[in-house]
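For reference, the structure discussed in these notes is given below.
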Amino acid sequence: MEMPVKNIALVTIIVLIALMALSSVTFKPKFDSSTMTIIEEPLEKNKELQIKPGEIYIYSLNNTPANITYQVLRGKNCTAIRIVESAENTGTCLYKDGTDNSSSNVTFANPSIIMLKPWMLALHENWRWNTSLYLSVDGSLSYMSSNQYKVIRTESYRGRLAYVVRENASDSMPIYEWIDADKRILLKMMGEGYEVVLAEGLEFEE
């Protein structure tokens, strides 16, 4: 049975998004006792989670016809994000500080959620933040890579104030992210060979 072209494009988008979110982890070593550990610098947030149940955000990748849609739901003592195109219907539960059950400020247990990250709640004009990735095998840590995050400027993006963040991994090309200063969600992301843009969900000036 052939897969419809739209479904192929959607699968490609989700795979690429997952790869972008995990760009600093190229291979998972074949050790049963090994884990990847991210060590974060202290992070002081200046906003709580701003998304609200009932909101829907649609992102496009490289202007392809297939989109990825995030639906915001009311969870049990949390705010949940569900990817509409996914078979998973329960969504990821986020708390006021933007984290899920993993308590990571870098990403979520579901790396396909790119519309926001917990660190986006800490942004200000002079913001910098660093994280390091280590391989843990039998209790011993081995350095793998590091990520440096920095607000390089603020600017108006389609009529909305945005923080422009450069995410610079030690083992890959920089990623540039435009983060809405009010909602603290992704407006645009550019990396080597790809561009993700918020197509619907906020009011923009055209």
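Ligands are numbered from 1 in the order shown, residues from 1 within each chain, and chains are lettered A, B, ... in the order they appear in the structure tokens.
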For this session: Write out as a VMD selection string each polymer residue whose atoms come within 6 Å of stretch 181-192 of chain A, counting only C-alpha atoms; drop sequence neighbours fewer than 2 positions from it.
Result: chain A and resid 50 115 to 116 120 161 to 162 175 to 179 194 to 198
Seminar exercise, completed: Counting only C-alpha atoms, the residue among A:Glu200, A:Asp180, A:Glu167, A:Asp138 that lies closest to A:Thr154 is A:Asp180
Problem set entry | All strand (DSSP E) residues (DSSP, backbone) inside stretch 88-196 of chain A, as an MDAnalysis selection string | chainID A and resid 92:94 128:137 140:157 160:169 175:180 186:191 194:196
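In this model, the gap between atom CA of A:Trp119 and atom CA of A:Ser102 comes to 13.8 Å.
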For this session: Please return as a PyMOL selection string: the residues of chain A that backbone DSSP assigns to helix (DSSP H, G or I).
Result: chain A and resi 5-21+118-122
